[in-house]
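Report on the following structure.
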Amino acid sequence: MKDGRWLTPRYTDRAVFEKDYPTPDFNPLDVYCPGCRGVVSLSRKSPAGRPAGWCKSCLRPVTS
């Protein structure tokens, strides 16, 4: 499993993140959160196809 990266600090709320990453991914990739080192599933996709997920501990979005 590889380490993830945080997305830009624009995402202060999960609702805004889910608006920009609207498509659920049914085959998610798992990465480590750069903050708490917990496992985060990249279960959302942007319209361009870039995967991302939300760390519930850090309350921040994570990407690969």
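Going by the structure tokens order, chains are called A, B, ..., each with residues numbered from 1, while ligands are numbered from 1 in the order shown.
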*12 Å contact set for Val62 (chain A), only C-alpha atoms, chain neighbours under 3 positions out, as a ChimeraX atom specification*: /A:3-9,11,14,17,21,29-45,50-59
Saved selection, atoms kept: N, CA, C and O atoms, as a short mmCIF file (atom, residue, chain, number, x, y, z; two decimals), in the first residue's frame:
data_model
loop_
_atom_site.label_atom_id
_atom_site.label_comp_id
_atom_site.auth_asym_id
_atom_site.auth_seq_id
_atom_site.Cartn_x
_atom_site.Cartn_y
_atom_site.Cartn_z
N ASP A 3 1.60 5.58 0.25
CA ASP A 3 1.20 6.75 1.03
C ASP A 3 0.36 7.68 0.17
O ASP A 3 0.64 7.88 -1.01
N GLY A 4 -0.66 8.26 0.79
CA GLY A 4 -1.50 9.23 0.10
C GLY A 4 -1.00 10.64 0.31
O GLY A 4 -0.03 10.88 1.03
N ARG A 5 -1.65 11.59 -0.34
CA ARG A 5 -1.34 13.01 -0.20
C ARG A 5 -2.63 13.75 0.07
O ARG A 5 -3.70 13.35 -0.40
N TRP A 6 -2.54 14.83 0.81
CA TRP A 6 -3.72 15.65 1.04
C TRP A 6 -4.02 16.49 -0.18
O TRP A 6 -3.12 16.93 -0.89
N LEU A 7 -5.30 16.72 -0.42
CA LEU A 7 -5.71 17.65 -1.47
C LEU A 7 -5.55 19.07 -0.94
O LEU A 7 -5.30 19.29 0.25
N THR A 8 -5.73 20.04 -1.79
CA THR A 8 -5.58 21.44 -1.39
C THR A 8 -6.51 21.79 -0.24
O THR A 8 -7.57 21.17 -0.09
N PRO A 9 -6.16 22.76 0.57
CA PRO A 9 -6.99 23.09 1.75
C PRO A 9 -8.34 23.69 1.43
O PRO A 9 -9.07 24.08 2.33
N TYR A 11 -10.94 22.18 0.61
CA TYR A 11 -11.97 21.29 1.10
C TYR A 11 -12.02 21.30 2.62
O TYR A 11 -11.37 20.52 3.28
N ARG A 14 -16.87 18.08 4.06
CA ARG A 14 -17.05 16.88 3.23
C ARG A 14 -18.07 17.11 2.12
O ARG A 14 -17.96 16.56 1.04
N PHE A 17 -16.31 18.61 -0.83
CA PHE A 17 -15.47 17.56 -1.44
C PHE A 17 -16.32 16.63 -2.30
O PHE A 17 -15.96 16.33 -3.42
N TYR A 21 -16.09 15.76 -6.27
CA TYR A 21 -15.79 14.36 -6.58
C TYR A 21 -17.10 13.58 -6.49
O TYR A 21 -17.32 12.83 -5.55
N LEU A 29 -9.19 2.15 -4.28
CA LEU A 29 -7.80 1.93 -3.95
C LEU A 29 -7.59 2.36 -2.51
O LEU A 29 -8.15 3.38 -2.09
N ASP A 30 -6.81 1.61 -1.74
CA ASP A 30 -6.53 1.98 -0.35
C ASP A 30 -5.14 2.59 -0.25
O ASP A 30 -4.18 2.05 -0.83
N VAL A 31 -5.04 3.71 0.48
CA VAL A 31 -3.75 4.37 0.73
C VAL A 31 -3.68 4.73 2.21
O VAL A 31 -4.69 4.72 2.91
N TYR A 32 -2.49 5.07 2.66
CA TYR A 32 -2.31 5.55 4.03
C TYR A 32 -2.51 7.05 4.07
O TYR A 32 -2.01 7.79 3.22
N CYS A 33 -3.21 7.54 5.08
CA CYS A 33 -3.40 8.98 5.29
C CYS A 33 -2.05 9.59 5.68
O CYS A 33 -1.36 9.02 6.53
N PRO A 34 -1.68 10.73 5.11
CA PRO A 34 -0.41 11.34 5.47
C PRO A 34 -0.39 11.92 6.89
O PRO A 34 0.67 12.17 7.44
N GLY A 35 -1.55 12.09 7.50
CA GLY A 35 -1.60 12.65 8.85
C GLY A 35 -1.61 11.60 9.94
O GLY A 35 -0.67 11.47 10.72
N CYS A 36 -2.64 10.79 9.97
CA CYS A 36 -2.82 9.82 11.05
C CYS A 36 -2.29 8.43 10.70
O CYS A 36 -2.28 7.54 11.56
N ARG A 37 -1.88 8.22 9.46
CA ARG A 37 -1.37 6.94 8.97
C ARG A 37 -2.43 5.84 8.96
O ARG A 37 -2.11 4.66 8.90
N GLY A 38 -3.69 6.23 9.02
CA GLY A 38 -4.79 5.27 8.91
C GLY A 38 -5.04 4.93 7.45
O GLY A 38 -4.61 5.63 6.54
N VAL A 39 -5.75 3.85 7.21
CA VAL A 39 -6.08 3.43 5.85
C VAL A 39 -7.30 4.20 5.36
O VAL A 39 -8.32 4.26 6.04
N VAL A 40 -7.18 4.79 4.17
CA VAL A 40 -8.27 5.55 3.55
C VAL A 40 -8.58 4.92 2.20
O VAL A 40 -7.68 4.69 1.40
N SER A 41 -9.85 4.64 1.95
CA SER A 41 -10.28 4.14 0.64
C SER A 41 -10.58 5.31 -0.27
O SER A 41 -11.34 6.21 0.10
N LEU A 42 -9.98 5.31 -1.43
CA LEU A 42 -10.23 6.36 -2.41
C LEU A 42 -11.49 5.99 -3.18
O LEU A 42 -11.45 5.45 -4.27
N SER A 43 -12.63 6.28 -2.57
CA SER A 43 -13.91 5.79 -3.07
C SER A 43 -14.71 6.81 -3.86
O SER A 43 -15.86 6.58 -4.18
N ARG A 44 -14.12 7.95 -4.20
CA ARG A 44 -14.80 8.97 -5.01
C ARG A 44 -13.93 9.30 -6.21
O ARG A 44 -12.71 9.19 -6.14
N LYS A 45 -14.56 9.73 -7.31
CA LYS A 45 -13.83 10.13 -8.51
C LYS A 45 -14.31 11.49 -8.98
O LYS A 45 -15.50 11.79 -8.91
N ARG A 50 -9.99 11.33 -11.55
CA ARG A 50 -8.97 11.29 -10.48
C ARG A 50 -9.61 10.79 -9.19
O ARG A 50 -10.60 11.35 -8.72
N PRO A 51 -9.05 9.76 -8.56
CA PRO A 51 -9.64 9.20 -7.33
C PRO A 51 -9.25 10.01 -6.09
O PRO A 51 -8.18 10.61 -6.03
N ALA A 52 -10.12 10.00 -5.10
CA ALA A 52 -9.87 10.65 -3.82
C ALA A 52 -10.77 10.02 -2.77
O ALA A 52 -11.74 9.35 -3.08
N GLY A 53 -10.41 10.24 -1.52
CA GLY A 53 -11.19 9.73 -0.40
C GLY A 53 -11.13 10.70 0.76
O GLY A 53 -10.37 11.67 0.75
N TRP A 54 -11.91 10.44 1.79
CA TRP A 54 -12.02 11.32 2.94
C TRP A 54 -11.51 10.59 4.18
O TRP A 54 -12.00 9.52 4.51
N CYS A 55 -10.54 11.18 4.88
CA CYS A 55 -10.04 10.60 6.13
C CYS A 55 -10.96 11.06 7.26
O CYS A 55 -11.10 12.26 7.51
N LYS A 56 -11.60 10.11 7.91
CA LYS A 56 -12.54 10.44 8.97
C LYS A 56 -11.86 10.91 10.25
O LYS A 56 -12.46 11.63 11.03
N SER A 57 -10.60 10.54 10.45
CA SER A 57 -9.87 10.98 11.64
C SER A 57 -9.37 12.40 11.50
O SER A 57 -9.50 13.21 12.40
N CYS A 58 -8.76 12.71 10.36
CA CYS A 58 -8.17 14.04 10.12
C CYS A 58 -9.17 15.03 9.56
O CYS A 58 -8.90 16.23 9.55
N LEU A 59 -10.30 14.54 9.05
CA LEU A 59 -11.33 15.38 8.40
C LEU A 59 -10.75 16.16 7.22
O LEU A 59 -10.99 17.34 7.05
#
*asked:* Residues of chain A classed as helix (DSSP H, G or I) by DSSP on the backbone are to be reported as a VMD selection string.
replied: chain A and resid 14 to 20
*CA of Ser46 (chain A) to CA of Arg10 (chain A), straight-line distance in Å*: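 Atom-to-atom, CA of Arg10 (chain A) to CA of Ser46 (chain A), that is 15.1 Å.
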*Could you write out, as an MDAnalysis selection string, all the residues of chain A that DSSP marks as strand (DSSP E)?*
chainID A and resid 2:3 5:6 23:32 39:45 51:55 60:63
*What separation in Å, quoted to one decimal, exists between CA of Lys2 (chain A) and CA of Gly49 (chain A)?*
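The value is 19.1 Å.
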*Record the distance separating CA of Pro28 (chain A) and CA of Pro61 (chain A), expressed in Å with one decimal.*
14.5 Å
*asked:* Which residue is closest to Pro47 (chain A)? Choose from A:Met1, A:Thr23, A:Glu18, A:Asp13 and count only C-alpha atoms.
replied: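 The shortest atom-to-atom distance to Pro47 (chain A) comes from A:Thr23.
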